[in-house]
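For reference, the structure is listed below as structure tokens.
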Amino acid sequence: MSEVVRVGMLGCGTVGAAVVRLLDEHRTEIELRTGVRVEVVRVAVRDPARDRGVALPAAAFTDDPGEVASDPNVDIVCELIGGTEPALSSLLSAIDHGKPVVTANKELLATRGRELFEAADANGLDVGFEAAVAGGIPLIRPLKHSLAGERIRRLMGIVNGTTNYVLTRMTDDAMSFEDALAEAKRLGFAEADPTADVAAHDAAAKCAILASIAFNSRVTAGDVYREGITAVTRQDIEFARRLGYVVKLLAVAELEGESVAARVHPAMIPAAHPLAAVRGSFNAVFVEGERVGELMFYGRGAGADPTATSVVGDLLGAARHLLHGGRAVGCTCRLTRGISPIEDMESEYYVLLQVEDRPGVLGEIAAVFGREGVSIRHVWQEGLGADAQLVFITHRAREGALRAAVEQLRGLAAVEAVESVLRVEGEE
Ligand code: NDP
Ligand code: HSE
């Protein structure tokens with residue numbers, strides 16, 4: 001005989017509705033495996049009258065998240081609204097009413113996570129957030145459980161499905177940025193405001209969450225250096241292809257001494273690199289540990305159904321703890337590490353310049369790079385006369401030095417425009 005656990009949902013949009021459907025359609029397997037029957041009893045949405053294609057009575061719906069959070073008939077609260085408010089106050093209210101919570105809200109976790117985790121720890125309650133990073137990929141649990149005894153040195157990956165979808169369509173199908181983004185929105189990958197995806201706020205939040213777990217120190221979204229994909233042009237993608245690279249939005253978090261360096265930005269990676277094969281809405285994260293070496297987590301990083309599987313896994317974990325005792329791992333940010341400035345990071349760089357086509361120009365430019373200690377690995381010229389472009393790939397250099405060089409290049413009469421600067425990552 002299964003025991004019943006009652007869930008209150010906050011939000012029933014792309015992910016929320018998929019969670020309700022999954023719990024309904026996989027009811028038998030869930031009961032067989034866990035001995036728990038999960039029933040969704042209350043749902044808060046903006047518009048309770050709208051049909052969401054879920055098998056729930058109209059009376060279950062309300063437009064007041066606070067009502068669901070404090071409802072004595074709700075055992076677990078599942079937040080799938082997104083954004084800071086009313087998500088945070090509803091989750092805090094649920095915890096205050098003794099209910100464990102599950103959320104997919106990376107924005108909230110990476111900005112106000114401390115408040116949420118402190119409240120949950122003070123009350124001995126679970127906060128499940130597997131779905132907040134990399135959608136359907138089990139990543140938070142392996143980091144917190146399986147790798148609890150490991151020293152993690154570095155994480156690098158693709159953690160935003162929308163931008164990976166857009167870059168893939170621009171690369172493989174020569175689709176425009178706007179058309180590819182519209183398609184990603186239609187497929188349910190994008191945030192309510194897709195600026196969060198294309199400007200890399202979403203990836204920065206996920207990078208902060210991963211870094212916080214990996215390095216035991218609270219890293220917030222504001223600590224992560226961030227560049228989105230809006231400046232990546234079809235020309236960059238084409239040059240990348242000709243050079244044997246692909247352009248990806250990367251998230252990188254690593255220890256530099258005792259400090260954390262965390263960044264998200266577009267980068268060229270070799271076409272043979274495993275991350276180059278991560279296409280569409282798929283995500284992949286490499287984790288480098290001292291003893292375990294390199295691990296790769298790969299799967300669908302966005303979309304209703306994959307994300308719903310992570311949410312349901314957390315709901316079942318919380319349900320088991322409610323019924324049988326025990327608790328998920330709480331906050332592990334027990335250290336206070338500094339954050340390394342972006343100027344101290346090192347990378348190779350691709351620099352594309354629009355230049356005057358006359359003798360001596362290459363020498364002037366090379367002198368600027370040389371003065372700043374940036375060594376050039378490849379250079380070649382595209383076009384002639386008024387259309388001349390110079391493409392440089394540097395050796396590994398400090399970001400601060402590269403920036404100083406680019407600033408000086410902008411001041412050279414021979415340089416008409418610095419058209420692009422992209423980092424080149426993943427070379428042996
Ligand atoms: P949607 O915009 O599709 O759904 C949001 C839901 O919240 C809607 O049901 C909406 O109601 C409801 N809502 C919004 N504001 C309020 C409010 N003030 N009071 C009550 N209800 C409200 O978002 P998603 O399902 O895509 O995303 C939900 C969360 O999951 C976000 O945190 C997102 O970052 C995260 N996530 C999303 C993934 C994806 O692939 N989409 C993947 C991983 C995580 P109504 O329907 O009436 O408008
Ligand atoms: N908008 C997010 C993405 C959803 O595209 O990755 C998954 O977190």
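Naming works like this for the structure tokens: A, B, ... for the chains as they're shown, residue 1 at the start of each chain, ligands 1 onward in shown order.
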For ligand 1, list the contacting residues at 6 Å or closer, counting only C-alpha atoms and all ligand atoms, as a PyMOL selection string. chain A and resi 11-16+44-47+63+65+80-82+86+104-105+131-132+135+188-192+302-304+307
Tell me which protein, DNA and RNA residues are within 10 Å of Gly313 of chain A, counting only C-alpha atoms, leaving out same-chain ones fewer than 6 positions away, and put them as a list in words.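 What passes the distance filter is Ile30, Val102, Gly128, Phe129, Glu130, Ala131, Pro138 and Ala319 of chain A.
Nearest-residue note for Asp357 of chain A: choosing from A:Asp314, A:Glu3, A:Glu416, A:Glu343, the minimum distance belongs to A:Glu416, counting only C-alpha atoms.
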Between A:Glu107, A:Asp179, A:Glu288, A:Glu356, which has the minimum distance to ligand 2 (counting only C-alpha atoms and all ligand atoms)? A:Glu107
Using 12 Å as the limit and counting only C-alpha atoms, can you tabulate each residue of segment 202-293 of chain A that touches segment 374-390 of chain A, with its shortest atom-to-atom distance in Å and the two atoms involved, as JSON lines?
{"residue": "A:Gln235", "atom": "CA", "partner": "A:Gln389", "partner_atom": "CA", "distance": 11.5}
{"residue": "A:Phe239", "atom": "CA", "partner": "A:Glu382", "partner_atom": "CA", "distance": 10.3}
{"residue": "A:Leu243", "atom": "CA", "partner": "A:His378", "partner_atom": "CA", "distance": 10.2}
Write the residues you've just listed into a file as a PDB file, in the first residue's frame, and include all heavy atoms for each of them.
ATOM      1  N   GLN A 235      30.079  35.998 -39.371  1.00  0.00           N
ATOM      2  CA  GLN A 235      31.469  36.054 -39.829  1.00  0.00           C
ATOM      3  C   GLN A 235      32.383  35.309 -38.848  1.00  0.00           C
ATOM      4  O   GLN A 235      33.256  34.541 -39.273  1.00  0.00           O
ATOM      5  CB  GLN A 235      31.871  37.530 -39.937  1.00  0.00           C
ATOM      6  CG  GLN A 235      33.272  37.776 -40.401  1.00  0.00           C
ATOM      7  CD  GLN A 235      33.527  39.254 -40.617  1.00  0.00           C
ATOM      8  OE1 GLN A 235      33.750  39.688 -41.739  1.00  0.00           O
ATOM      9  NE2 GLN A 235      33.507  40.029 -39.554  1.00  0.00           N
ATOM     10  N   PHE A 239      34.648  32.152 -39.792  1.00  0.00           N
ATOM     11  CA  PHE A 239      36.099  32.086 -39.568  1.00  0.00           C
ATOM     12  C   PHE A 239      36.439  30.901 -38.679  1.00  0.00           C
ATOM     13  O   PHE A 239      37.417  30.201 -38.903  1.00  0.00           O
ATOM     14  CB  PHE A 239      36.620  33.378 -38.928  1.00  0.00           C
ATOM     15  CG  PHE A 239      36.961  34.452 -39.935  1.00  0.00           C
ATOM     16  CD1 PHE A 239      36.455  35.736 -39.807  1.00  0.00           C
ATOM     17  CD2 PHE A 239      37.791  34.170 -41.004  1.00  0.00           C
ATOM     18  CE1 PHE A 239      36.761  36.717 -40.729  1.00  0.00           C
ATOM     19  CE2 PHE A 239      38.109  35.149 -41.943  1.00  0.00           C
ATOM     20  CZ  PHE A 239      37.587  36.426 -41.798  1.00  0.00           C
ATOM     21  N   LEU A 243      38.921  27.740 -39.538  1.00  0.00           N
ATOM     22  CA  LEU A 243      40.111  27.490 -38.702  1.00  0.00           C
ATOM     23  C   LEU A 243      40.050  26.158 -37.968  1.00  0.00           C
ATOM     24  O   LEU A 243      40.970  25.805 -37.235  1.00  0.00           O
ATOM     25  CB  LEU A 243      40.207  28.597 -37.637  1.00  0.00           C
ATOM     26  CG  LEU A 243      40.631  29.968 -38.118  1.00  0.00           C
ATOM     27  CD1 LEU A 243      40.241  31.025 -37.093  1.00  0.00           C
ATOM     28  CD2 LEU A 243      42.136  29.976 -38.317  1.00  0.00           C
TER      29      LEU A 243
END
Hey, what does DSSP flag as strand (DSSP E or B) within segment 231-383 of chain A? Can you give it to me as an MDAnalysis selection string? chainID A and resid 245:256 259:270 282:289 293:300 335 339 346:355 376:382
Point-to-point distance from atom CA of Thr168 of chain A to atom CA of Leu295 of chain A, Å rounded to tenths: 23.6 Å
Please list as number ranges by chain every residue within 12 Å of Ala253 of chain A, counting only C-alpha atoms and excluding residues in the same chain fewer than 3 positions away. A: 152-158, 203-215, 219, 223-225, 250, 256, 259-265, 285-288, 339-340, 342, 345
